[in-house]
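Report on the structure given below.
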Amino acid sequence: MLYHGRLRAGILASALLLAASPATGLDLQGHRGARGLAPENTLAGFRTALAVGVGTLELDLGVTADDVLVVVHDPYLNPAISRGPDGAWLAEPTPRVRDLTLAELRRYDVGRIDPTSRYAQRWPSQQPVDGERIPTLAEVAALTTELGADRVALNVETKVSPEAPDATVPPERFAALLVEELRRLGVSGRTLVQSFDWRTLVEVRRLAPDIATACLTVRQDWLDNLRPAWTAGLDLAEHGASVPALVAAAGCAVWSPFVGDLHALALHEAKALGLAVVPWTVNEPEAMLRLIDAGVDGIITDYPDTLRTLMAEKGLPLPPRYPAP
């Protein structure tokens, strides 16, 4: 019974990915919109990604003081990309998103990177768009409708951590708010919910079994989420030390590993379990080509233009551009 449940979940996820990238199993996902090209997690960034032509918009979610789902990566405003009403870069400690109402959050400009920050050195090609504000999930959905991009999928990440329980709302509350909003917006059929903290994924599936989920994983010095606190109590050792088996046991339709953790044997095992595999965050052309040839189902990248060019060179069908050129 469990196997057939996984199989149905895998079919659902594959359908979502194929809808995003017609006639090919490769889903081109723009990370935080197109972070390498435009301000991350902004409407300007999502417009850029849609103009390049992506199958899926990948984005992060937080919750405001008035329970609005907003598109933001960090629980506290990032000083490298945030300016106050006076135009000055924020200094730490910065406000917590959960402590601000949507109206208060709108006061901050996130349209460029502080050129004196280390973060700026990582994204030299990002073009600033002054005046950009942290958008709501509803505004991102409305943007796709406005541009006729209703077939573009949304891959939304719940930014929750068992190591920082006070940073935002509890996972159960986060999941409830998200499911309710996806239903209200009418986008649940084209939305994938992902998280490093699998507690939200378990709760999303309990509330809405029809919404596909993706288990994010990473096993590096800077983060290891393959521990029971992160995996909703599941123990890797009890699943043969197999990450794909752990993901399947969690009920996720998609395994989304850090690109540096993905190897051929694990990819083969994931496929055998009926999982779609979508690694993150892949920015080097050589890595993109290797993964395409290995048969991954999608790639999350800060440079969707680069990935799209490589897909075209390999003769892969491409997702539409919005607006159409």
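In the structure tokens, the first chain shown is A, the next is B, and so on; residue numbers restart at 1 for each chain, and ligands run from 1 in the order shown.
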
Using 9 Å as the limit and counting only C-alpha atoms, can you tabulate each residue of segment 105-180 of chain A that touches segment 224-242 of chain A, with its shortest atom-to-atom distance in Å and the two atoms involved, as a Markdown table?
| residue | atom | partner | partner_atom | distance |
| --- | --- | --- | --- | --- |
| A:Ser161 | CA | A:Trp230 | CA | 7.5 |
| A:Pro162 | CA | A:Ala229 | CA | 6.3 |
| A:Glu163 | CA | A:Ala229 | CA | 8.4 |

With N, CA, C and O atoms retained, could you export that selection as a PDB file, in the first residue's frame?
ATOM      1  N   SER A 161      12.866  26.067  10.670  1.00  0.00           N
ATOM      2  CA  SER A 161      14.021  25.323  11.176  1.00  0.00           C
ATOM      3  C   SER A 161      13.759  24.833  12.589  1.00  0.00           C
ATOM      4  O   SER A 161      13.364  25.621  13.452  1.00  0.00           O
ATOM      5  N   PRO A 162      14.000  23.531  12.857  1.00  0.00           N
ATOM      6  CA  PRO A 162      13.856  23.044  14.225  1.00  0.00           C
ATOM      7  C   PRO A 162      14.899  23.629  15.170  1.00  0.00           C
ATOM      8  O   PRO A 162      14.743  23.580  16.389  1.00  0.00           O
ATOM      9  N   GLU A 163      15.955  24.208  14.594  1.00  0.00           N
ATOM     10  CA  GLU A 163      17.012  24.797  15.403  1.00  0.00           C
ATOM     11  C   GLU A 163      16.733  26.253  15.758  1.00  0.00           C
ATOM     12  O   GLU A 163      17.460  26.858  16.531  1.00  0.00           O
TER      13      GLU A 163
END

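Around segment 125-136 of chain A, within 7 Å and counting only C-alpha atoms, the residues found are Arg35, Gly36, Leu37, Ala38, Pro39, Thr42, Leu43, Leu69, Val70, Val71, Val72, Arg106, Tyr108, Asp109, Val110, Gly111, Arg112 and Val140 of chain A, once anything fewer than 4 positions away on its own chain is removed.
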
> Which residues in segment 101-198 of chain A does DSSP call alpha helix (DSSP H)? List them as a PyMOL selection string.
Replying inline: chain A and resi 102-105+118-122+137-146+171-185+198

Generate a file of the selected residues that holds N, CA and C atoms, formatted as an mmCIF file, in the first residue's frame.
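Once everything was written out, this is out.cif:
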data_model
loop_
_atom_site.group_PDB
_atom_site.id
_atom_site.type_symbol
_atom_site.label_atom_id
_atom_site.label_comp_id
_atom_site.auth_asym_id
_atom_site.auth_seq_id
_atom_site.Cartn_x
_atom_site.Cartn_y
_atom_site.Cartn_z
ATOM 1 N N LEU A 102 2.445 43.340 7.065
ATOM 2 C CA LEU A 102 2.758 43.519 5.650
ATOM 3 C C LEU A 102 3.004 44.987 5.340
ATOM 4 N N ALA A 103 2.199 45.872 5.896
ATOM 5 C CA ALA A 103 2.369 47.306 5.649
ATOM 6 C C ALA A 103 3.732 47.779 6.128
ATOM 7 N N GLU A 104 4.170 47.284 7.262
ATOM 8 C CA GLU A 104 5.487 47.669 7.788
ATOM 9 C C GLU A 104 6.608 47.090 6.942
ATOM 10 N N LEU A 105 6.422 45.889 6.472
ATOM 11 C CA LEU A 105 7.438 45.241 5.641
ATOM 12 C C LEU A 105 7.624 45.976 4.323
ATOM 13 N N ARG A 118 29.992 41.191 1.208
ATOM 14 C CA ARG A 118 30.557 39.986 0.598
ATOM 15 C C ARG A 118 29.539 39.334 -0.332
ATOM 16 N N TYR A 119 28.279 39.496 -0.010
ATOM 17 C CA TYR A 119 27.218 38.912 -0.827
ATOM 18 C C TYR A 119 27.256 39.470 -2.246
ATOM 19 N N ALA A 120 27.589 40.741 -2.375
ATOM 20 C CA ALA A 120 27.626 41.378 -3.695
ATOM 21 C C ALA A 120 28.672 40.726 -4.597
ATOM 22 N N GLN A 121 29.748 40.245 -4.004
ATOM 23 C CA GLN A 121 30.805 39.622 -4.796
ATOM 24 C C GLN A 121 30.332 38.335 -5.466
ATOM 25 N N ARG A 122 29.304 37.708 -4.894
ATOM 26 C CA ARG A 122 28.810 36.446 -5.449
ATOM 27 C C ARG A 122 27.915 36.653 -6.658
ATOM 28 N N LEU A 137 2.956 36.003 -1.689
ATOM 29 C CA LEU A 137 2.745 34.851 -2.570
ATOM 30 C C LEU A 137 1.614 35.150 -3.545
ATOM 31 N N ALA A 138 0.597 35.829 -3.074
ATOM 32 C CA ALA A 138 -0.531 36.175 -3.939
ATOM 33 C C ALA A 138 -0.093 37.046 -5.107
ATOM 34 N N GLU A 139 0.831 37.959 -4.871
ATOM 35 C CA GLU A 139 1.299 38.844 -5.944
ATOM 36 C C GLU A 139 2.106 38.076 -6.982
ATOM 37 N N VAL A 140 2.847 37.077 -6.547
ATOM 38 C CA VAL A 140 3.600 36.262 -7.513
ATOM 39 C C VAL A 140 2.622 35.459 -8.379
ATOM 40 N N ALA A 141 1.623 34.870 -7.751
ATOM 41 C CA ALA A 141 0.611 34.133 -8.515
ATOM 42 C C ALA A 141 -0.104 35.063 -9.499
ATOM 43 N N ALA A 142 -0.418 36.279 -9.038
ATOM 44 C CA ALA A 142 -1.100 37.246 -9.902
ATOM 45 C C ALA A 142 -0.216 37.648 -11.080
ATOM 46 N N LEU A 143 1.084 37.736 -10.850
ATOM 47 C CA LEU A 143 2.007 38.077 -11.936
ATOM 48 C C LEU A 143 1.965 37.019 -13.035
ATOM 49 N N THR A 144 1.952 35.747 -12.653
ATOM 50 C CA THR A 144 1.900 34.703 -13.681
ATOM 51 C C THR A 144 0.594 34.791 -14.466
ATOM 52 N N THR A 145 -0.488 35.101 -13.781
ATOM 53 C CA THR A 145 -1.768 35.254 -14.476
ATOM 54 C C THR A 145 -1.746 36.452 -15.412
ATOM 55 N N GLU A 146 -1.199 37.554 -14.923
ATOM 56 C CA GLU A 146 -1.104 38.781 -15.726
ATOM 57 C C GLU A 146 -0.352 38.545 -17.027
ATOM 58 N N PRO A 171 5.607 24.823 12.461
ATOM 59 C CA PRO A 171 5.393 24.178 11.167
ATOM 60 C C PRO A 171 3.933 23.873 10.849
ATOM 61 N N GLU A 172 3.169 23.470 11.858
ATOM 62 C CA GLU A 172 1.767 23.155 11.622
ATOM 63 C C GLU A 172 0.980 24.395 11.191
ATOM 64 N N ARG A 173 1.264 25.514 11.823
ATOM 65 C CA ARG A 173 0.605 26.766 11.469
ATOM 66 C C ARG A 173 1.028 27.233 10.078
ATOM 67 N N PHE A 174 2.322 27.104 9.786
ATOM 68 C CA PHE A 174 2.849 27.494 8.476
ATOM 69 C C PHE A 174 2.133 26.695 7.385
ATOM 70 N N ALA A 175 2.053 25.377 7.582
ATOM 71 C CA ALA A 175 1.415 24.517 6.586
ATOM 72 C C ALA A 175 -0.050 24.879 6.397
ATOM 73 N N ALA A 176 -0.748 25.147 7.487
ATOM 74 C CA ALA A 176 -2.166 25.489 7.397
ATOM 75 C C ALA A 176 -2.373 26.786 6.617
ATOM 76 N N LEU A 177 -1.555 27.798 6.912
ATOM 77 C CA LEU A 177 -1.654 29.069 6.191
ATOM 78 C C LEU A 177 -1.364 28.873 4.706
ATOM 79 N N LEU A 178 -0.366 28.043 4.408
ATOM 80 C CA LEU A 178 0.032 27.839 3.021
ATOM 81 C C LEU A 178 -1.050 27.102 2.233
ATOM 82 N N VAL A 179 -1.563 26.019 2.789
ATOM 83 C CA VAL A 179 -2.598 25.260 2.079
ATOM 84 C C VAL A 179 -3.826 26.137 1.833
ATOM 85 N N GLU A 180 -4.229 26.882 2.848
ATOM 86 C CA GLU A 180 -5.381 27.770 2.693
ATOM 87 C C GLU A 180 -5.146 28.796 1.588
ATOM 88 N N GLU A 181 -3.936 29.355 1.524
ATOM 89 C CA GLU A 181 -3.652 30.370 0.503
ATOM 90 C C GLU A 181 -3.555 29.771 -0.890
ATOM 91 N N LEU A 182 -2.952 28.613 -1.007
ATOM 92 C CA LEU A 182 -2.867 27.963 -2.316
ATOM 93 C C LEU A 182 -4.257 27.639 -2.847
ATOM 94 N N ARG A 183 -5.125 27.205 -1.954
ATOM 95 C CA ARG A 183 -6.510 26.926 -2.355
ATOM 96 C C ARG A 183 -7.220 28.216 -2.778
ATOM 97 N N ARG A 184 -7.049 29.264 -1.984
ATOM 98 C CA ARG A 184 -7.711 30.545 -2.272
ATOM 99 C C ARG A 184 -7.258 31.104 -3.615
ATOM 100 N N LEU A 185 -5.971 30.953 -3.911
ATOM 101 C CA LEU A 185 -5.412 31.495 -5.142
ATOM 102 C C LEU A 185 -5.681 30.598 -6.352
ATOM 103 N N TRP A 198 11.073 18.795 7.310
ATOM 104 C CA TRP A 198 10.031 17.971 6.711
ATOM 105 C C TRP A 198 8.739 17.978 7.516
#

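You can rank A:Pro285, A:Gly148, A:Gly260, A:Pro75 by their closest distance to Ala164 of chain A using only C-alpha atoms, and at the top of that list sits A:Pro75.
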
Interface rows for segment 21-122 of chain A against segment 295-316 of chain A: nearest pair, Å to one decimal, 8 Å, only C-alpha atoms, as a tab-separated table:
residue	atom	partner	partner_atom	distance
A:Thr24	CA	A:Leu316	CA	7.0
A:Gly25	CA	A:Asp297	CA	5.2
A:Leu26	CA	A:Gly298	CA	4.6
A:Asp27	CA	A:Gly298	CA	4.1
A:Leu28	CA	A:Ile299	CA	5.7
A:Gln29	CA	A:Ile300	CA	4.6
A:Gly30	CA	A:Thr301	CA	5.5
A:His31	CA	A:Asp302	CA	5.0
A:Arg32	CA	A:Asp302	CA	7.3
A:Gly33	CA	A:Asp302	CA	7.6
A:Ala34	CA	A:Asp302	CA	5.0
A:Arg35	CA	A:Asp302	CA	4.9
A:Gly36	CA	A:Asp302	CA	4.9
A:Leu37	CA	A:Tyr303	CA	6.9
A:Ala49	CA	A:Pro304	CA	7.0
A:Val52	CA	A:Asp305	CA	6.0
A:Gly53	CA	A:Arg308	CA	7.7
A:Val54	CA	A:Pro304	CA	6.9
A:Glu58	CA	A:Ile300	CA	7.6

Could you pull out the residues in segment 7-243 of chain A that DSSP calls strand (DSSP E or B) from the backbone, as JSON, numbers by chain? {"A": [27, 28, 29, 30, 56, 57, 58, 59, 60, 61, 62, 63, 69, 70, 71, 76, 83, 89, 96, 109, 136, 153, 154, 155, 156, 157, 158, 191, 192, 193, 194, 195, 212, 213, 214, 215, 216, 217, 219, 220, 223, 224]}

Judged by only C-alpha atoms, the minimum distance to Pro319 of chain A among A:Asp74, A:Pro95, A:Trp123, A:Ala153 is found for A:Ala153

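Rounded to one decimal, atom CA of Ala270 of chain A and atom CA of Ala245 of chain A lie 7.5 Å from each other.
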
Got a sec: who's within 7 Å of segment 189-191 of chain A, counting only C-alpha atoms, leaving out chain neighbours fewer than 2 positions off, as a count of residues only?
-> 7

### Query
Residues at most 6 Å from segment 62-66 of chain A, counting only C-alpha atoms, excluding those fewer than 5 positions away in the same chain, as an NGL selection string?
:A and (72 or 97-101)

Since we have the selection now, will you write its residues out, keeping N, CA and C atoms, as a tab-separated table (two decimals), in the first residue's frame?
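Written file, again-v6.tsv:
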chain	number	residue	atom	x	y	z
A	72	VAL	N	10.29	35.67	0.95
A	72	VAL	CA	11.52	36.15	1.58
A	72	VAL	C	12.32	34.94	2.06
A	97	VAL	N	10.89	39.18	10.32
A	97	VAL	CA	9.74	39.27	9.43
A	97	VAL	C	8.44	39.02	10.19
A	98	ARG	N	8.46	38.07	11.09
A	98	ARG	CA	7.26	37.71	11.85
A	98	ARG	C	6.79	38.84	12.76
A	99	ASP	N	7.67	39.79	13.07
A	99	ASP	CA	7.30	40.91	13.93
A	99	ASP	C	6.74	42.10	13.16
A	100	LEU	N	6.76	42.03	11.84
A	100	LEU	CA	6.32	43.14	11.00
A	100	LEU	C	5.01	42.80	10.30
A	101	THR	N	4.09	43.74	10.26
A	101	THR	CA	2.91	43.57	9.43
A	101	THR	C	3.33	43.74	7.97

*Excluding Gln194 of chain A and any residue of its chain fewer than 5 positions from it, enumerate the residues within 9 Å of it, using only C-alpha atoms, and give them as a list in words.*
Asn155, Val156, Glu157, Thr158, Thr200, Leu201, Ala212, Thr213, Ala214, Cys215, Leu216, Val254 and Ser256 of chain A

The selected residues should be written to file as a short mmCIF file (atom, residue, chain, number, x, y, z; two decimals), in the first residue's frame (atoms: C-alpha atoms).
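Final output, saved to again-v2.cif:
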data_model
loop_
_atom_site.label_atom_id
_atom_site.label_comp_id
_atom_site.auth_asym_id
_atom_site.auth_seq_id
_atom_site.Cartn_x
_atom_site.Cartn_y
_atom_site.Cartn_z
CA ASN A 155 8.06 25.61 -6.15
CA VAL A 156 7.57 27.23 -2.74
CA GLU A 157 9.85 26.61 0.22
CA THR A 158 8.66 26.91 3.79
CA THR A 200 5.78 21.17 7.26
CA LEU A 201 5.68 18.68 4.38
CA ALA A 212 2.97 17.46 -4.16
CA THR A 213 5.91 17.87 -1.77
CA ALA A 214 9.67 17.90 -2.22
CA CYS A 215 12.14 16.82 0.45
CA LEU A 216 15.16 19.14 0.40
CA VAL A 254 10.40 14.82 -5.26
CA SER A 256 15.77 17.82 -4.11
#

### Message
So, with only C-alpha atoms as the atoms that count, which of A:Val68, A:Leu262, A:Ala80, A:Val152 lies closest to Ala51 of chain A?
### Response
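Smallest distance to Ala51 of chain A is found for A:Val152.
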